[in-house]
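**Student:** Got a structure for you, questions after.
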Amino acid sequence: MTRLSATIARLAAMRACRATQASAGGSGRLADLNVFGTNPGALSAKIYVPQKVADKPALVVVLHGCTQNAEGYDRGSGWSQLADEQGFLLLFPEQQRSNNPNLCFNWFSPADNGRDRGEALSIHQMIMAMVDIHRADPTRIFVTGLSAGGAMTSVMLASYPELFAGGAIIAGLPYGSASTIPQALEAMRGARAFSAEDMGDRVRRASDHDGPWPRISIWHGSADATVSSTNADAILAQWLIVHGLEPAPDVSEQIAGHRRRAWNDAAGHPLVEDYRIAAMGHGTPLATTGPEACGMEMPHMLEAGISSTRRMASSWGLLDAGTERKFAQSVGKAQEAAPSLPASRISRLEGWPCEPPRPTASGRAGVEKVIHDALRAAGLMR
């Protein structure tokens, strides 16, 4: 297991990366959603409405990671690019420094990580505003997020399962994995030892919903040194229990050198998908060239030869027939060739564009200062 000192050093490195993220941030494509309810979590909201909107458009809710903002995450992931192609709506809840100094969603806070509470309720209010104002199809609402945004995606899927048709958790954590700062740090270093049944019960107890449950997609880099991939294992176990699925997958394959497993319903559609991205660090996997091209590289938005954005959209039925055929053909070619990008392109270092600072303080007070500074930089302490 990763040493606590190493985790703290990596968390502290995020502070040095803020300037890089800010300079990569703005595509200027998003608009403000100014009125959406009481907003108990004090979040802001950005939206994207393409020029040509489909009839009864789907809505995708996108949750950025720590040190990121809505504009930057959209620019990296390419979601608004795909919305222009397919006519669906986008909602980007955005954290504020007054809530969290490192712009992390407070997924570990009991005041924010449950149904009808804080940030989770604010995001719910934003979604309902998009349904009311922009006529989003309430049966086709999806949510995805990276890292702290991935952990908050777990919160939303568990707290409001009746609201979502599907969700995708990227480098995130399972629902119920932390409710204090020490637990959050422990969970990031490695998923805590809970039984799969207990983890499933945490989702089932989060609301009075008894099914059907959202479709789930899990994405995690095998070289992620920030959020241990054991969390992906825990998310998978959690949702297999919720869906009542057996541990053995219906599909196990290699796509562009990465492992994909799927657990399907009776019609052959995936209820749970699990992507493990070979040699990739902490971030969202992208394909920035070729037929899947979508988005652009920047910190925590990593070239992997596979587009998580397009594949999520495909699994959620958001691609039109013509695009789907072209996408399926490109998938077939990618599986035949199964190219692996050089490790230098998909390394654990790419998830950390800034070198972690070395603690220099001595003595107990100095050590405590380093720890507190790191926790504040990671957004785990105010």
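Residue numbering restarts at 1 in every chain; chains get A, B, ... in the order shown in the structure tokens, and ligands count up from 1 in that same order.
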Set out as a Markdown table a contact list for region 228-342 of chain A and region 177-188 of chain A with a cut-off of 12 Å, giving each residue of region 228-342 of chain A that qualifies its closest atom pair and distance in Å to one decimal, counting only C-alpha atoms, ordered by chain and rising residue number.
**Tutor:**
| residue | atom | partner | partner_atom | distance |
| --- | --- | --- | --- | --- |
| A:Ser228 | CA | A:Met188 | CA | 5.9 |
| A:Ser229 | CA | A:Met188 | CA | 9.0 |
| A:Thr230 | CA | A:Met188 | CA | 9.1 |
| A:Asn231 | CA | A:Ala187 | CA | 7.6 |
| A:Ala232 | CA | A:Met188 | CA | 10.9 |
| A:Ala234 | CA | A:Ser177 | CA | 9.3 |
| A:Ile235 | CA | A:Ser177 | CA | 9.8 |
| A:Gln238 | CA | A:Ser177 | CA | 10.9 |
| A:His282 | CA | A:Met188 | CA | 11.6 |
**Student:** Using DSSP on the backbone coordinates, identify the residues of region 137-308 of chain A assigned to strand (DSSP E); present them as a ChimeraX atom specification.
**Tutor:** /A:141-146,166-170,215-221,251-255,258-264,270-277,284-286,301-303
**Student:** Quick one: residues within 12 Å of Gly268 (chain A), only C-alpha atoms, excluding same-chain residues fewer than 3 positions away - as a list in words?
**Tutor:**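 Contacts, with the query itself left out: Pro249, Asp250, Val251, Ala262, Trp263, Asn264, Asp265, Leu271, Val272 and Ser315 of chain A.
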**Student:** When you count only C-alpha atoms, which of these residues is closest to Arg189 (chain A): A:His220, A:Met130, A:Thr226, A:Met298?
**Tutor:**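 Smallest separation from Arg189 (chain A) among the options: A:Thr226.
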**Student:** Do you have the CA of Thr139 (chain A)-CA of Leu30 (chain A) distance handy?
**Tutor:**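 Taking CA of Thr139 (chain A) and CA of Leu30 (chain A), their separation equals 23.9 Å.
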**Student:** Can you pull out the residues contacting Asp208 (chain A)? Cut-off 10 Å, using only C-alpha atoms, and skip same-chain residues under 2 positions away; I want them as number ranges by chain.
**Tutor:** A: 159-162, 204-206, 210-211
**Student:** How would the residues just chosen look if you wrote them out with N, CA and C atoms as a PDB file, in the first residue's frame?
**Tutor:**
ATOM      1  N   SER A 159     -27.489   8.389  -4.280  1.00  0.00           N
ATOM      2  CA  SER A 159     -28.469   9.236  -3.594  1.00  0.00           C
ATOM      3  C   SER A 159     -29.723   9.487  -4.421  1.00  0.00           C
ATOM      4  N   TYR A 160     -29.569   9.548  -5.748  1.00  0.00           N
ATOM      5  CA  TYR A 160     -30.704   9.816  -6.638  1.00  0.00           C
ATOM      6  C   TYR A 160     -30.741   8.789  -7.775  1.00  0.00           C
ATOM      7  N   PRO A 161     -30.806   7.502  -7.474  1.00  0.00           N
ATOM      8  CA  PRO A 161     -30.739   6.492  -8.541  1.00  0.00           C
ATOM      9  C   PRO A 161     -31.918   6.559  -9.507  1.00  0.00           C
ATOM     10  N   GLU A 162     -33.065   7.052  -9.039  1.00  0.00           N
ATOM     11  CA  GLU A 162     -34.228   7.154  -9.916  1.00  0.00           C
ATOM     12  C   GLU A 162     -34.051   8.229 -10.979  1.00  0.00           C
ATOM     13  N   ARG A 204     -28.041   0.860  -1.468  1.00  0.00           N
ATOM     14  CA  ARG A 204     -29.474   0.599  -1.327  1.00  0.00           C
ATOM     15  C   ARG A 204     -30.093   1.402  -0.192  1.00  0.00           C
ATOM     16  N   ARG A 205     -29.301   1.706   0.849  1.00  0.00           N
ATOM     17  CA  ARG A 205     -29.818   2.495   1.977  1.00  0.00           C
ATOM     18  C   ARG A 205     -29.784   4.001   1.717  1.00  0.00           C
ATOM     19  N   ALA A 206     -29.131   4.422   0.648  1.00  0.00           N
ATOM     20  CA  ALA A 206     -28.962   5.860   0.392  1.00  0.00           C
ATOM     21  C   ALA A 206     -30.259   6.537  -0.049  1.00  0.00           C
ATOM     22  N   ASP A 210     -35.978   1.159  -5.120  1.00  0.00           N
ATOM     23  CA  ASP A 210     -35.741  -0.286  -5.141  1.00  0.00           C
ATOM     24  C   ASP A 210     -35.564  -0.822  -6.561  1.00  0.00           C
ATOM     25  N   GLY A 211     -35.148   0.051  -7.490  1.00  0.00           N
ATOM     26  CA  GLY A 211     -34.853  -0.369  -8.851  1.00  0.00           C
ATOM     27  C   GLY A 211     -35.896   0.125  -9.838  1.00  0.00           C
TER      28      GLY A 211
END
**Student:** Could you check which of A:Ala151, A:Leu103, A:Ala54, A:Ile306 is closest to Arg260 (chain A), using only C-alpha atoms?
**Tutor:**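 Of A:Ala151, A:Leu103, A:Ala54, A:Ile306, the one nearest Arg260 (chain A) is A:Ile306, counting only C-alpha atoms.
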**Student:** What's around Cys294 (chain A) at 9 Å? Count only C-alpha atoms, leave out sequence neighbours fewer than 5 positions away in its own chain, and write the answer as number ranges by chain.
**Tutor:** A: 76-79, 81-82, 286-289, 307, 309-310
**Student:** Generate the output file for the selected residues, C-alpha atoms, as a PDB file, in the first residue's frame.
**Tutor:**
ATOM      1  CA  GLY A  76      -9.979  18.447 -22.214  1.00  0.00           C
ATOM      2  CA  SER A  77     -12.752  15.870 -22.403  1.00  0.00           C
ATOM      3  CA  GLY A  78     -14.436  17.169 -25.552  1.00  0.00           C
ATOM      4  CA  TRP A  79     -17.984  16.815 -24.252  1.00  0.00           C
ATOM      5  CA  GLN A  81     -17.627  18.920 -29.174  1.00  0.00           C
ATOM      6  CA  LEU A  82     -19.668  15.721 -29.037  1.00  0.00           C
ATOM      7  CA  LEU A 286      -8.534  10.422 -24.226  1.00  0.00           C
ATOM      8  CA  ALA A 287      -8.007   9.669 -27.877  1.00  0.00           C
ATOM      9  CA  THR A 288      -6.883  12.951 -29.436  1.00  0.00           C
ATOM     10  CA  THR A 289      -6.152  11.549 -32.916  1.00  0.00           C
ATOM     11  CA  SER A 307     -11.868   8.030 -25.854  1.00  0.00           C
ATOM     12  CA  THR A 309     -16.085  10.443 -23.739  1.00  0.00           C
ATOM     13  CA  ARG A 310     -17.141   8.773 -26.982  1.00  0.00           C
TER      14      ARG A 310
END
**Student:** Which parts of region 104-237 of chain A does DSSP call helix (DSSP H, G or I) when run on the backbone here, written out as an NGL selection string?
**Tutor:** :A and (118-134 or 148-159 or 181-189 or 196-205 or 230-237)
**Student:** Please save C-alpha atoms of the selected residues as a PDB file, in the first residue's frame.
**Tutor:**
ATOM      1  CA  GLY A 118     -25.590  20.308   0.475  1.00  0.00           C
ATOM      2  CA  GLU A 119     -23.728  19.874  -2.804  1.00  0.00           C
ATOM      3  CA  ALA A 120     -25.669  16.747  -3.803  1.00  0.00           C
ATOM      4  CA  LEU A 121     -28.960  18.627  -3.496  1.00  0.00           C
ATOM      5  CA  SER A 122     -27.563  21.608  -5.417  1.00  0.00           C
ATOM      6  CA  ILE A 123     -26.629  19.309  -8.313  1.00  0.00           C
ATOM      7  CA  HIS A 124     -30.104  17.743  -8.198  1.00  0.00           C
ATOM      8  CA  GLN A 125     -31.661  21.207  -8.381  1.00  0.00           C
ATOM      9  CA  MET A 126     -29.498  22.082 -11.395  1.00  0.00           C
ATOM     10  CA  ILE A 127     -30.647  18.933 -13.180  1.00  0.00           C
ATOM     11  CA  MET A 128     -34.318  19.659 -12.557  1.00  0.00           C
ATOM     12  CA  ALA A 129     -33.805  23.200 -13.858  1.00  0.00           C
ATOM     13  CA  MET A 130     -32.361  21.779 -17.089  1.00  0.00           C
ATOM     14  CA  VAL A 131     -35.421  19.542 -17.444  1.00  0.00           C
ATOM     15  CA  ASP A 132     -37.781  22.477 -16.858  1.00  0.00           C
ATOM     16  CA  ILE A 133     -35.979  25.187 -18.849  1.00  0.00           C
ATOM     17  CA  HIS A 134     -34.371  23.244 -21.704  1.00  0.00           C
ATOM     18  CA  ALA A 148     -13.316  13.952  -6.624  1.00  0.00           C
ATOM     19  CA  GLY A 149     -15.897  14.451  -9.372  1.00  0.00           C
ATOM     20  CA  GLY A 150     -15.921  10.673  -9.815  1.00  0.00           C
ATOM     21  CA  ALA A 151     -16.491  10.205  -6.098  1.00  0.00           C
ATOM     22  CA  MET A 152     -19.320  12.751  -6.276  1.00  0.00           C
ATOM     23  CA  THR A 153     -20.692  10.823  -9.264  1.00  0.00           C
ATOM     24  CA  SER A 154     -20.880   7.804  -6.929  1.00  0.00           C
ATOM     25  CA  VAL A 155     -22.741  10.006  -4.433  1.00  0.00           C
ATOM     26  CA  MET A 156     -25.273  11.166  -7.037  1.00  0.00           C
ATOM     27  CA  LEU A 157     -25.885   7.665  -8.430  1.00  0.00           C
ATOM     28  CA  ALA A 158     -26.492   6.271  -4.946  1.00  0.00           C
ATOM     29  CA  SER A 159     -28.469   9.236  -3.594  1.00  0.00           C
ATOM     30  CA  ILE A 181     -10.701  13.532   6.390  1.00  0.00           C
ATOM     31  CA  PRO A 182      -8.598  10.597   7.671  1.00  0.00           C
ATOM     32  CA  GLN A 183     -11.006   8.139   6.036  1.00  0.00           C
ATOM     33  CA  ALA A 184     -10.804  10.069   2.762  1.00  0.00           C
ATOM     34  CA  LEU A 185      -6.992   9.871   2.763  1.00  0.00           C
ATOM     35  CA  GLU A 186      -7.113   6.182   3.636  1.00  0.00           C
ATOM     36  CA  ALA A 187      -9.628   5.483   0.888  1.00  0.00           C
ATOM     37  CA  MET A 188      -7.549   7.299  -1.723  1.00  0.00           C
ATOM     38  CA  ARG A 189      -4.518   5.187  -0.823  1.00  0.00           C
ATOM     39  CA  ALA A 196     -19.242  -6.480  -1.308  1.00  0.00           C
ATOM     40  CA  GLU A 197     -22.651  -7.044   0.285  1.00  0.00           C
ATOM     41  CA  ASP A 198     -22.033  -4.230   2.768  1.00  0.00           C
ATOM     42  CA  MET A 199     -20.927  -1.894  -0.024  1.00  0.00           C
ATOM     43  CA  GLY A 200     -24.058  -2.739  -1.997  1.00  0.00           C
ATOM     44  CA  ASP A 201     -26.189  -2.104   1.089  1.00  0.00           C
ATOM     45  CA  ARG A 202     -24.692   1.381   1.373  1.00  0.00           C
ATOM     46  CA  VAL A 203     -26.122   2.241  -2.046  1.00  0.00           C
ATOM     47  CA  ARG A 204     -29.474   0.599  -1.327  1.00  0.00           C
ATOM     48  CA  ARG A 205     -29.818   2.495   1.977  1.00  0.00           C
ATOM     49  CA  THR A 230      -8.477  -0.880  -5.572  1.00  0.00           C
ATOM     50  CA  ASN A 231     -11.241   1.719  -5.472  1.00  0.00           C
ATOM     51  CA  ALA A 232     -12.302   0.679  -8.971  1.00  0.00           C
ATOM     52  CA  ASP A 233     -12.486  -2.907  -7.678  1.00  0.00           C
ATOM     53  CA  ALA A 234     -14.692  -1.707  -4.811  1.00  0.00           C
ATOM     54  CA  ILE A 235     -16.971   0.310  -7.109  1.00  0.00           C
ATOM     55  CA  LEU A 236     -17.329  -2.726  -9.345  1.00  0.00           C
ATOM     56  CA  ALA A 237     -18.172  -5.025  -6.428  1.00  0.00           C
TER      57      ALA A 237
END
**Student:** Quick one, how far is CA of Ser195 (chain A) from CA of Ile216 (chain A)?
**Tutor:**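 For CA of Ser195 (chain A) relative to CA of Ile216 (chain A), the distance reads 19.4 Å.
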**Student:** Sorted by chain and rising residue number, list the residues of region 21-66 of chain A at most 7 Å from region 89-92 of chain A (counting only C-alpha atoms), each with its closest atom pair and distance in Å to one decimal, as CSV.
**Tutor:**
residue,atom,partner,partner_atom,distance
A:Ala45,CA,A:Phe92,CA,5.8
A:Lys46,CA,A:Phe92,CA,4.9
A:Ile47,CA,A:Leu91,CA,4.5
A:Tyr48,CA,A:Leu90,CA,5.0
A:Val49,CA,A:Leu89,CA,5.4
A:Pro57,CA,A:Leu89,CA,6.5
A:Ala58,CA,A:Leu89,CA,6.1
A:Leu59,CA,A:Leu89,CA,4.7
A:Val60,CA,A:Leu90,CA,5.0
A:Val61,CA,A:Leu91,CA,4.7
A:Val62,CA,A:Phe92,CA,5.0
A:Leu63,CA,A:Phe92,CA,6.1
**Student:** Which distance in Å separates CA of Val143 (chain A) and CA of Phe164 (chain A), to one decimal?
**Tutor:**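 Atom-to-atom, CA of Val143 (chain A) to CA of Phe164 (chain A), that is 7.2 Å.
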**Student:** With only C-alpha atoms as the basis for distance, which of A:Glu303, A:Asp320, A:Asp55, A:Glu273 is at the shortest distance from Ala168 (chain A)?
**Tutor:**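 Looking only at the distances to Ala168 (chain A), the closest residue turns out to be A:Glu273.
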**Student:** Using only C-alpha atoms, find the one residue out of A:Asp224, A:Arg29, A:Ala279, A:Asp112 that sits nearest to His300 (chain A).
**Tutor:**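 Answer, going by the shortest atom-to-atom distance: A:Asp224.
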